[in-house]
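Since the structure comes first, as structure tokens, the remarks are kept for the end.
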Amino acid sequence: MNETQRQSLLGAIAISSGTIGFGNITPQQRADAFANLEQFKSYPGRMAACVEMIGCGSLQIAGGASNAPLDVTVPGKLYALGVIQGFLKVGYNSLNESDRGQLRSSIVLAARQLAMPVNGSSQKMNDSTRILALKIAALLADLALREFPQRWQTFVSDLFSPLSNGGIWFEAGTDASGNTTGVKICLECLKLITEDCTDSDYNARISTARRNDILLGMNEMSNLILPPLFELLSKQYGDVNSAKNTLKAMNQYLASSGRTIAQVSSDEHVQYEQQIDIRDTAGGIVADILGTLEKFCQSMPLDWMFNVEHGIDFVAALLHLLKEDVANIQVLSVACFQQLSMRKLDQNQWFRLVSSLPPALFEATNAAAQRASERGIDPNSIDVLVEQLEFHRSISKMGSTLVSSHLAHITTDKDISSGSGAKFDAVSSYLRLLSEMMSHPSGVICGCQINTWVGLLRDPAIVRTSVLSPHLGRVLTAYMTHVVRIRWEDVWEQEHPYSALIDASWDDDDEYNDWLCNLRSKASQLFKSIGNTEPEIAATAIHSKIRTLLNAHCNGEPRDQLNPANNELTVKSTACMQLEGTTQPLDNILHGLPSWSVDDGNYDEKRNRIRSTVRPLLSEMANMIVSWNPNDTWLKFRRTTLLEALKHYWKYDSSTLPTGVDSLLLYLSATDNPPSERLSGDVISLRKKCGVSLVAVSKVVPNLLVPWLSQLSDRAKALLTSGGLSPINEMHLYEFLSCVATAVENPQDRSNFVADVLVNSVRSIESPNIQNSIQSTEGLLSFMGITQAATNPSCVTDREFVKKVTKDFVILFSSFNQLLSVGKRCHEAARKRPNGGLPLQNLSLVIDENVPAQNFPDEGPVSIADLAINDPFVPLWPKLLPTLLQVLDVTLSVWHPEFQATLLQHNIQRYALAISDDEAYLATKQESSVGGVFGKGGTAGSIVSGADRRQLNLAPRWSGWVNELRNNCFQLLGLLCAQRVIYAPEMSSLFPRLVSVLTNQKHLRSMEHRHFNQYLKQCIEIMMLSCPVPLYQSHLTAILGPIFEHLQIRFQYTWGPILGNGGLSIDSTKPLFSNDCATAASQLASGGADSWLISYYARCGLVVGDLDSVTGEAMVEKTRVELTRTFSDMMQTVLALKGGWALVLANKAKEEQAKKNDPSKLSSGPKSGIISTNGPTNADGTERTVLQIHLDARKLNRIDKLCHFLLLENEQIAGYLVLTLIQCLQYPDAYTCRRCTRIVHRVLENVAWVDRYTEMLGYRLFSVAVKAIITEPKWMVGIEWDMINITRDIYGRLVLGQYYLPGGQGPGLQQARDPTNSLRFEQTKVVDKPLLGGGILQSPSDFPRRILIEIGMSQGDIVTLEKMLTEKRSAKEQKEAFRDLLRVAADKNKGQNELLERAGE
């Protein structure tokens, strides 16, 4: 490159970097400059030119003012280095050894030139020089990663030799500040090399072999790296201290003469600033060294830091630096320890840190206090805490990590186990340090340690020692303090005593709230563990906390943040917030207490002594809470939460239980003070909380409430007849009574009591008003005020009419909801009985899994009388079911085409068919800042523009009412099946009516997708799971056949527009808005129901009213995918691929492994300080009881028989089911597709051997799978191997005579040819046991081969594939064979999709 070209290049650099003022450059000149720079990157001689540029002392061009030369040294060298760095990535390997050496030498020379002091004097490193130094360091690191140690053996000496010896390092015996740039380059280069050699799943910049070579080379050269670093560290830290002492002496001199810094002379000012520069420069170098050492601590051999030889001891240096605050040195030192704490330290290294850190931190604390005193500041002031916050936070995090990462050193040490010795004292002192740090006013210090303390408490070996006990009191107190919420308004207004510290700890209230939620979540386990491990400490602490709070705030003192309307406390009052923060510790501690600390058993002397302390404390605390009688609504709310927490204590001492429950019942009818016509939100919240608390208490101690059952019943009746309870309060009361009723021992008494509890609900639905309203769809529409809106639109906002209609509907819905709630509670209780709800009172301890279904006495019709022995709700069903079916029938009829045509036509009635505001909200991106449906960003008033359900307006209420009523009916039918009542002989007369409602074609066709999802999930799935095997034909066939037939059509029309099928455009998927309703009604009336269904399913049946288009379309998309996802989840559950049935298979697999003496399969679950399971366990780690063995035997039988029934016993069910599954594999929804691949494997295991399935599986299913793999749609990302595994499973079973383990797993198990017919394979021995692999098609099918030929594969390709699949039968090799074949097919079929378009037809 000649001088002209060189000047042109430098000119372009000057223009592009802005060295020449932009005001003097035209846009065209800038564009030309950028173009020249880009062209230069492809110039053949660029490397020689760049090496020459970085070797020049300065780069100048003419073009400044008066044609003076312009200095472009920094931007020129940066550009040259950038070009070289780009060349290293693409062209470096092509250089010969000589050129490589020359390039290395040139870059080292550039580093030396940059590091040379200008005119023999030291200068501060400016920003330009710093950027250039970092660029050179990056290049040196890149070269080292390629060349060191094999080809660049002098790398370390090139860096750490002094400048006078051809290196970059500072001269020995001189001040390093004279060569700050050289030191920076060396340290940054080492730092980058160490980062790139860090072994990590996310660090793939260099190969493992190169990484190991470099690390070995660095380790060999450590004697040339570490001494210079330590020497520099010692020298610069000495300079820092020297400058600080000089500054201190100067300040003392000025103070003695009565002067300040502002009053010094010019000479004195220069001297003062000089010392500051020395301190800051030396501190900056120390910080750079620590940055490199942090990487060494992370990745290099631990001996680099822990070895002590020749006066080099980095750990001691880091401990000493903990007290230095200049340039953030102490925080960087902690960062080095943090990296060491995350390494696998041996016991000696770990104990060295544990024993050394407490005294070092004590010195650091004293040094900080001394610095504060010298400045005239109180060492304990908020300002000092704020300055030290980052240091304290990093210390807390590092200290806790050092323990949690090395718990094994505590559990395996004999000194610690014995509770004596030097190591025990060291660990105890260290834990004392951590626990004392938690008294810090900022909660972030506590937050850093919570995982460590939970881990310590969960380790049984540590809990058995005495190392934790002395510290748990401080730990418990600290966390009980910090789980109390801070009122952020006080921080904003600087009224909180620690406002500045809190402001420094969290950016805003959102970050604080997230932190608090996380802390409370983790603290639950901590409180339970402390309560279980040290009940005496826990009881003392919580007793003291409750007593202090009640003494300080029993009347709401200091009565701040009052409600001006009634002068009562609000949720933000100090008393309320303090009590709210105590509820969680109280509940968790009482829950965690071991039974021996509170019950009446006889234990050893130590336990009896602890119990003698714990019980009086808890008794006094319970009496304090029960006897407290506040007047403010929010104090009553807080008392309710405290009473609920006592449920764990009442299990052992019920003396205060009646009074506590009586208080909750009293609060259930609380009113405002002064009374008002409408209850305030605070009172409503109190009532709801009381109801929830009553239910919670009754679940834990129902047996203790049975003696007061009569009084509770009378009290409940009085509350119910008072008329003051809301529907949700009534529901809670019913649930409370039903939970108590389940504890009654006598089955007849139990049933009578439940019937008595629900008498009002039953009477309500049998009332003439309700019965008349549900006799027809027109009656229901009139009952809800929909019919009246047609003739009198103003009635929907008429106050009296709205109240009347609302009251009538609430009676109907509440009655059903109460029945559902009580029924669920009774069913849950029945399942927890000793016989697990089975209608047999005495179960054998021995179960034979091979016993046929008919030998289970309960697998068949069981009378209601037998079912009622366990479930007291069952006898109510013969009376309830006719009304339930009638309500469901007329509710579903509202969506029939004739009613839709009428309702959509009217501008108000159409909202009865619309989605609700709540459903619209679920389709939006939900954030906590929105505040829910009624929040600032909620969707209230978006369906019926400007009106929501809180207003006296019927229109926005209709959609929610119908949804609630329909879903309630589905859930009740699901309960009917789960309780097995529908299979009882007494219900046989009602079963045809049930079938007619559930399979009514108009109902099935007219339901929206959101209705159908609930129908499948809450009713049909439960029916299939609960039906006894002998009743499949009689009870499931009539229902499942029409449903699966309808599903196939519904899916086809729903996804047709998305796939481009069916003749509808993508616009047809838009929901129905208010403006389009009249047009849609006219089309429905004129076009007929059949043609209307196509567009109806395309928009998922949604009417969204006045909702905005974006949310409306999002709702359609959500509803569409939920339909197929619900179906796939249902099929996974009933085919034992998820849920309870899948756990049965997992248990069976675990038992089979145990029989093989596999030591990896444990017979007991994991042990902790809280849970100790010694008996048999499930595959998920939970305890497995004898009862569950009986239940699993029945489930295992149903798993096998239900698969057989669905796929082989009824052609209508099987055909449409399999066709629907094949369709689902084409839909662009990865969730559905992934789950359907698992279901398809289960289908193949069951039916691949059946001839009539061959075409459907070998052609339709195989073609769909092949199409998905070849076309590679975006939604298939992540499930390609799942789809390839389907092709493997099909081809193996239908063509090659291979079968596989369940789920298409494992190698292909090849069957031999039939000796009597070589064209056939022998059938597998497990053909009738699909859960062990299933069967194969004995006569190979040509359907899969035809598919491969049609996508362009030759016969030779297919022969080669089959040969490979036969010879190499591992899952990996076979799937890779299909992948390679289909990749070739994909290339051949680009633009030729004739077959692919027909796939699945």
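Numbering starts fresh at 1 for the residues of each chain in the structure tokens, the chains themselves are lettered A, B, ... in the order given, and ligands are numbered from 1 as they appear.
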
Residues of stretch 553-668 of chain A in strand (DSSP E), written as a ChimeraX atom specification: /A:562-563,568-569

DSSP alpha helix (DSSP H) selection over stretch 740-828 of chain A, as a PyMOL selection string: chain A and resi 740-741+747-757+759-765+768-773+777-783+786-791+799-828

Generate a file of the selected residues that holds C-alpha atoms, formatted as a PDB file, in the first residue's frame.
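The file below, result.pdb, is the result:
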```
ATOM      1  CA  VAL A 740     -67.594 -31.723  60.324  1.00  0.00           C
ATOM      2  CA  ALA A 741     -70.235 -34.175  59.197  1.00  0.00           C
ATOM      3  CA  PRO A 747     -72.941 -43.692  58.233  1.00  0.00           C
ATOM      4  CA  GLN A 748     -76.680 -43.180  58.680  1.00  0.00           C
ATOM      5  CA  ASP A 749     -76.198 -40.260  61.055  1.00  0.00           C
ATOM      6  CA  ARG A 750     -73.679 -38.824  58.645  1.00  0.00           C
ATOM      7  CA  SER A 751     -76.071 -38.987  55.705  1.00  0.00           C
ATOM      8  CA  ASN A 752     -78.943 -37.573  57.745  1.00  0.00           C
ATOM      9  CA  PHE A 753     -76.850 -34.638  58.885  1.00  0.00           C
ATOM     10  CA  VAL A 754     -75.681 -33.799  55.345  1.00  0.00           C
ATOM     11  CA  ALA A 755     -79.269 -34.015  54.125  1.00  0.00           C
ATOM     12  CA  ASP A 756     -80.317 -31.714  56.949  1.00  0.00           C
ATOM     13  CA  VAL A 757     -77.546 -29.259  56.097  1.00  0.00           C
ATOM     14  CA  VAL A 759     -82.335 -29.081  53.012  1.00  0.00           C
ATOM     15  CA  ASN A 760     -82.600 -25.388  52.108  1.00  0.00           C
ATOM     16  CA  SER A 761     -80.664 -25.871  48.872  1.00  0.00           C
ATOM     17  CA  VAL A 762     -82.788 -28.837  47.839  1.00  0.00           C
ATOM     18  CA  ARG A 763     -85.948 -26.983  48.781  1.00  0.00           C
ATOM     19  CA  SER A 764     -84.868 -23.992  46.696  1.00  0.00           C
ATOM     20  CA  ILE A 765     -84.360 -25.924  43.470  1.00  0.00           C
ATOM     21  CA  PRO A 768     -92.299 -23.763  41.953  1.00  0.00           C
ATOM     22  CA  ASN A 769     -90.509 -20.636  40.766  1.00  0.00           C
ATOM     23  CA  ILE A 770     -87.339 -22.520  39.885  1.00  0.00           C
ATOM     24  CA  GLN A 771     -89.129 -25.549  38.487  1.00  0.00           C
ATOM     25  CA  ASN A 772     -91.313 -23.420  36.222  1.00  0.00           C
ATOM     26  CA  SER A 773     -88.331 -21.469  34.935  1.00  0.00           C
ATOM     27  CA  THR A 777     -85.519 -22.604  27.230  1.00  0.00           C
ATOM     28  CA  GLU A 778     -87.994 -19.764  26.909  1.00  0.00           C
ATOM     29  CA  GLY A 779     -88.694 -20.048  30.631  1.00  0.00           C
ATOM     30  CA  LEU A 780     -85.000 -19.833  31.474  1.00  0.00           C
ATOM     31  CA  LEU A 781     -84.517 -16.799  29.233  1.00  0.00           C
ATOM     32  CA  SER A 782     -87.451 -15.115  30.927  1.00  0.00           C
ATOM     33  CA  PHE A 783     -86.146 -16.104  34.362  1.00  0.00           C
ATOM     34  CA  ILE A 786     -83.392 -11.835  28.620  1.00  0.00           C
ATOM     35  CA  THR A 787     -86.836 -12.228  27.073  1.00  0.00           C
ATOM     36  CA  GLN A 788     -88.134  -9.006  28.653  1.00  0.00           C
ATOM     37  CA  ALA A 789     -85.270  -7.029  27.115  1.00  0.00           C
ATOM     38  CA  ALA A 790     -86.777  -7.577  23.660  1.00  0.00           C
ATOM     39  CA  THR A 791     -89.998  -5.695  24.445  1.00  0.00           C
ATOM     40  CA  ARG A 799     -83.222  -1.001  39.628  1.00  0.00           C
ATOM     41  CA  GLU A 800     -86.075  -3.098  40.986  1.00  0.00           C
ATOM     42  CA  PHE A 801     -86.183  -5.464  38.022  1.00  0.00           C
ATOM     43  CA  VAL A 802     -82.419  -6.010  38.122  1.00  0.00           C
ATOM     44  CA  LYS A 803     -82.529  -6.750  41.842  1.00  0.00           C
ATOM     45  CA  LYS A 804     -85.395  -9.211  41.452  1.00  0.00           C
ATOM     46  CA  VAL A 805     -83.836 -11.107  38.552  1.00  0.00           C
ATOM     47  CA  THR A 806     -80.458 -11.172  40.295  1.00  0.00           C
ATOM     48  CA  LYS A 807     -81.985 -12.466  43.502  1.00  0.00           C
ATOM     49  CA  ASP A 808     -83.847 -15.243  41.680  1.00  0.00           C
ATOM     50  CA  PHE A 809     -80.761 -16.339  39.761  1.00  0.00           C
ATOM     51  CA  VAL A 810     -78.597 -16.247  42.888  1.00  0.00           C
ATOM     52  CA  ILE A 811     -81.038 -18.615  44.587  1.00  0.00           C
ATOM     53  CA  LEU A 812     -80.810 -21.063  41.676  1.00  0.00           C
ATOM     54  CA  PHE A 813     -77.072 -20.891  41.231  1.00  0.00           C
ATOM     55  CA  SER A 814     -76.222 -20.811  44.944  1.00  0.00           C
ATOM     56  CA  SER A 815     -78.291 -23.890  45.566  1.00  0.00           C
ATOM     57  CA  PHE A 816     -76.433 -25.862  42.911  1.00  0.00           C
ATOM     58  CA  ASN A 817     -73.105 -24.419  44.006  1.00  0.00           C
ATOM     59  CA  GLN A 818     -73.717 -25.389  47.614  1.00  0.00           C
ATOM     60  CA  LEU A 819     -74.643 -28.887  46.539  1.00  0.00           C
ATOM     61  CA  LEU A 820     -71.466 -29.096  44.469  1.00  0.00           C
ATOM     62  CA  SER A 821     -69.279 -27.776  47.276  1.00  0.00           C
ATOM     63  CA  VAL A 822     -70.678 -30.109  49.912  1.00  0.00           C
ATOM     64  CA  GLY A 823     -70.617 -33.030  47.499  1.00  0.00           C
ATOM     65  CA  LYS A 824     -66.938 -32.472  46.735  1.00  0.00           C
ATOM     66  CA  ARG A 825     -66.074 -32.246  50.424  1.00  0.00           C
ATOM     67  CA  CYS A 826     -67.909 -35.461  51.142  1.00  0.00           C
ATOM     68  CA  HIS A 827     -66.226 -37.209  48.231  1.00  0.00           C
ATOM     69  CA  GLU A 828     -62.771 -36.045  49.339  1.00  0.00           C
TER      70      GLU A 828
END
```

A:Asn245 surroundings by only C-alpha atoms, 12 Å radius, close-in-sequence under 4 positions cut, as a ChimeraX atom specification: /A:238-241,249-252,272,275-276,278-279,371

Spatial neighbours of A:Cys1224, 8 Å, only C-alpha atoms, chain gap at least 5 places, as a ChimeraX atom specification: /A:1124,1232-1233,1236

Could those selected residues go to a file with all heavy atoms, as an mmCIF file, in the first residue's frame?
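Output file again37.cif is given in full below:
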```cif
data_model
loop_
_atom_site.group_PDB
_atom_site.id
_atom_site.type_symbol
_atom_site.label_atom_id
_atom_site.label_comp_id
_atom_site.auth_asym_id
_atom_site.auth_seq_id
_atom_site.Cartn_x
_atom_site.Cartn_y
_atom_site.Cartn_z
ATOM 1 N N THR A 1124 -58.157 -28.339 21.244
ATOM 2 C CA THR A 1124 -57.357 -29.535 20.952
ATOM 3 C C THR A 1124 -56.466 -29.912 22.133
ATOM 4 O O THR A 1124 -56.178 -31.093 22.346
ATOM 5 C CB THR A 1124 -56.500 -29.311 19.697
ATOM 6 O OG1 THR A 1124 -55.831 -28.037 19.795
ATOM 7 C CG2 THR A 1124 -57.366 -29.302 18.454
ATOM 8 N N THR A 1232 -50.326 -29.464 21.476
ATOM 9 C CA THR A 1232 -51.213 -30.563 21.078
ATOM 10 C C THR A 1232 -50.437 -31.650 20.359
ATOM 11 O O THR A 1232 -50.604 -32.845 20.633
ATOM 12 C CB THR A 1232 -52.325 -30.029 20.161
ATOM 13 O OG1 THR A 1232 -53.093 -29.058 20.882
ATOM 14 C CG2 THR A 1232 -53.235 -31.145 19.689
ATOM 15 N N CYS A 1233 -49.587 -31.258 19.432
ATOM 16 C CA CYS A 1233 -48.873 -32.234 18.611
ATOM 17 C C CYS A 1233 -47.963 -33.113 19.469
ATOM 18 O O CYS A 1233 -47.917 -34.334 19.294
ATOM 19 C CB CYS A 1233 -48.054 -31.510 17.548
ATOM 20 S SG CYS A 1233 -47.319 -32.597 16.327
ATOM 21 N N CYS A 1236 -50.069 -35.558 21.361
ATOM 22 C CA CYS A 1236 -50.692 -36.558 20.491
ATOM 23 C C CYS A 1236 -49.675 -37.583 19.988
ATOM 24 O O CYS A 1236 -50.044 -38.724 19.690
ATOM 25 C CB CYS A 1236 -51.387 -35.875 19.319
ATOM 26 S SG CYS A 1236 -52.962 -35.117 19.785
#
```

Extract, using only C-alpha atoms, all DNA, RNA and protein residues at most 8 Å from A:Phe160, discarding same-chain residues fewer than 6 positions from it, and format them as a PDB file with N, CA and C atoms, in the first residue's frame.
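around_11.pdb, freshly written:
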```
ATOM      1  N   GLY A 167       8.982  -6.801  27.190  1.00  0.00           N
ATOM      2  CA  GLY A 167       7.650  -7.215  27.610  1.00  0.00           C
ATOM      3  C   GLY A 167       6.703  -6.029  27.722  1.00  0.00           C
ATOM      4  N   ILE A 168       5.653  -6.229  28.490  1.00  0.00           N
ATOM      5  CA  ILE A 168       4.631  -5.189  28.657  1.00  0.00           C
ATOM      6  C   ILE A 168       4.513  -4.768  30.125  1.00  0.00           C
ATOM      7  N   TRP A 169       4.994  -5.600  31.030  1.00  0.00           N
ATOM      8  CA  TRP A 169       4.850  -5.390  32.469  1.00  0.00           C
ATOM      9  C   TRP A 169       5.692  -4.203  32.925  1.00  0.00           C
ATOM     10  N   CYS A 186      -2.060  -6.575  30.342  1.00  0.00           N
ATOM     11  CA  CYS A 186      -1.723  -7.920  30.824  1.00  0.00           C
ATOM     12  C   CYS A 186      -2.863  -8.523  31.632  1.00  0.00           C
ATOM     13  N   LEU A 224       5.438 -17.997  36.837  1.00  0.00           N
ATOM     14  CA  LEU A 224       5.776 -16.735  36.175  1.00  0.00           C
ATOM     15  C   LEU A 224       4.616 -15.739  36.194  1.00  0.00           C
ATOM     16  N   ILE A 225       3.441 -16.217  36.560  1.00  0.00           N
ATOM     17  CA  ILE A 225       2.247 -15.357  36.559  1.00  0.00           C
ATOM     18  C   ILE A 225       1.918 -14.851  37.955  1.00  0.00           C
ATOM     19  N   PRO A 228       4.480 -12.078  39.994  1.00  0.00           N
ATOM     20  CA  PRO A 228       4.326 -10.673  39.599  1.00  0.00           C
ATOM     21  C   PRO A 228       2.986 -10.064  40.036  1.00  0.00           C
TER      22      PRO A 228
END
```

Within 12 Å of A:Lys925 using only C-alpha atoms, minus same-chain residues under 6 positions, as JSON, numbers by chain: {"A": [932, 933, 937, 938, 939, 1110, 1111, 1114, 1115, 1118]}

Next, write the just-selected residues to a file, as a tab-separated table (two decimals), in the first residue's frame, keeping N, CA, C and O atoms as the atom set.
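selection30.tsv, freshly written:
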```tsv
chain	number	residue	atom	x	y	z
A	932	GLY	N	-56.13	-6.85	37.81
A	932	GLY	CA	-57.26	-7.72	37.56
A	932	GLY	C	-58.26	-7.14	36.58
A	932	GLY	O	-58.01	-6.13	35.91
A	933	VAL	N	-59.42	-7.79	36.51
A	933	VAL	CA	-60.45	-7.40	35.55
A	933	VAL	C	-60.88	-5.96	35.76
A	933	VAL	O	-61.07	-5.20	34.80
A	937	GLY	N	-55.89	-1.47	33.88
A	937	GLY	CA	-55.71	-2.07	32.56
A	937	GLY	C	-56.58	-3.28	32.34
A	937	GLY	O	-56.31	-4.08	31.44
A	938	GLY	N	-57.62	-3.47	33.16
A	938	GLY	CA	-58.49	-4.63	33.06
A	938	GLY	C	-59.49	-4.51	31.92
A	938	GLY	O	-59.51	-3.53	31.16
A	939	THR	N	-60.35	-5.52	31.81
A	939	THR	CA	-61.30	-5.57	30.69
A	939	THR	C	-62.73	-5.33	31.12
A	939	THR	O	-63.66	-5.58	30.34
A	1110	VAL	N	-58.10	-6.59	18.67
A	1110	VAL	CA	-56.87	-7.30	19.04
A	1110	VAL	C	-57.17	-8.35	20.10
A	1110	VAL	O	-56.79	-9.53	19.99
A	1111	THR	N	-57.85	-7.94	21.16
A	1111	THR	CA	-58.18	-8.88	22.23
A	1111	THR	C	-59.15	-9.94	21.75
A	1111	THR	O	-59.06	-11.12	22.14
A	1114	ALA	N	-57.25	-12.47	19.83
A	1114	ALA	CA	-56.45	-13.26	20.78
A	1114	ALA	C	-57.33	-14.28	21.50
A	1114	ALA	O	-56.90	-15.40	21.78
A	1115	MET	N	-58.56	-13.90	21.77
A	1115	MET	CA	-59.49	-14.81	22.44
A	1115	MET	C	-59.81	-16.00	21.52
A	1115	MET	O	-59.90	-17.15	21.99
A	1118	LYS	N	-56.76	-18.30	21.50
A	1118	LYS	CA	-56.68	-19.02	22.77
A	1118	LYS	C	-57.72	-20.14	22.83
A	1118	LYS	O	-57.41	-21.27	23.25
```

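Those residues that approach A:Lys1388 to within 12 Å, counting only C-alpha atoms, are Ile1270, Thr1271, Leu1348, Ile1349, Glu1350, Ile1351, Gly1352, Met1353, Ser1354, Leu1381, Leu1382, Arg1383 and Asn1393 of chain A; same-chain residues fewer than 5 positions away are not listed.
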
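If only C-alpha atoms are the atoms counted, then among A:Asp1229, A:Asp383, A:Tyr1253, A:Ala1081 the closest residue to A:Leu1123 is A:Asp1229.
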
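Atom CA of A:His269 is found 15.1 Å from atom CA of A:Ala255.
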
Length of the atom CA of A:Glu1211 to atom CA of A:Leu1244 vector [Å]: 16.3 Å

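With distances restricted to only C-alpha atoms, A:Glu1021 is the closest residue to A:Asp1129 from A:Gln1052, A:Leu686, A:Glu1021, A:Ala1098.
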
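If you measure from each of A:Pro878, A:Pro535, A:Pro616, A:Gly91 to A:Ser989 using only C-alpha atoms, the closest one turns out to be A:Pro878.
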
Proximity of stretch 535-586 of chain A to stretch 592-596 of chain A: per-residue shortest pair, 12 Å limit, only C-alpha atoms, as a Markdown table:
```
| residue | atom | partner | partner_atom | distance |
| --- | --- | --- | --- | --- |
| A:Pro535 | CA | A:Leu593 | CA | 6.0 |
| A:Glu536 | CA | A:Leu593 | CA | 9.4 |
| A:Ile537 | CA | A:Leu593 | CA | 10.9 |
| A:Ala538 | CA | A:Leu593 | CA | 8.6 |
| A:Ala539 | CA | A:Leu593 | CA | 8.8 |
| A:Pro585 | CA | A:Gly592 | CA | 10.3 |
| A:Leu586 | CA | A:Gly592 | CA | 10.0 |
```

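Atom pair atom CA of A:Leu431 / atom CA of A:Leu357: separated by 11.1 Å.
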
Which residues of stretch 1187-1240 of chain A come within 7 Å of stretch 1039-1051 of chain A, and what is each one's closest atom pair and distance in Å (one decimal), counting only C-alpha atoms, sorted by chain and residue number, as a tab-separated table?
```
residue	atom	partner	partner_atom	distance
A:Gln1212	CA	A:Gly1041	CA	5.7
A:Ile1213	CA	A:Gly1041	CA	4.7
A:Tyr1216	CA	A:Glu1045	CA	5.4
A:Leu1217	CA	A:Phe1044	CA	5.8
A:Thr1220	CA	A:Gln1048	CA	5.1
```
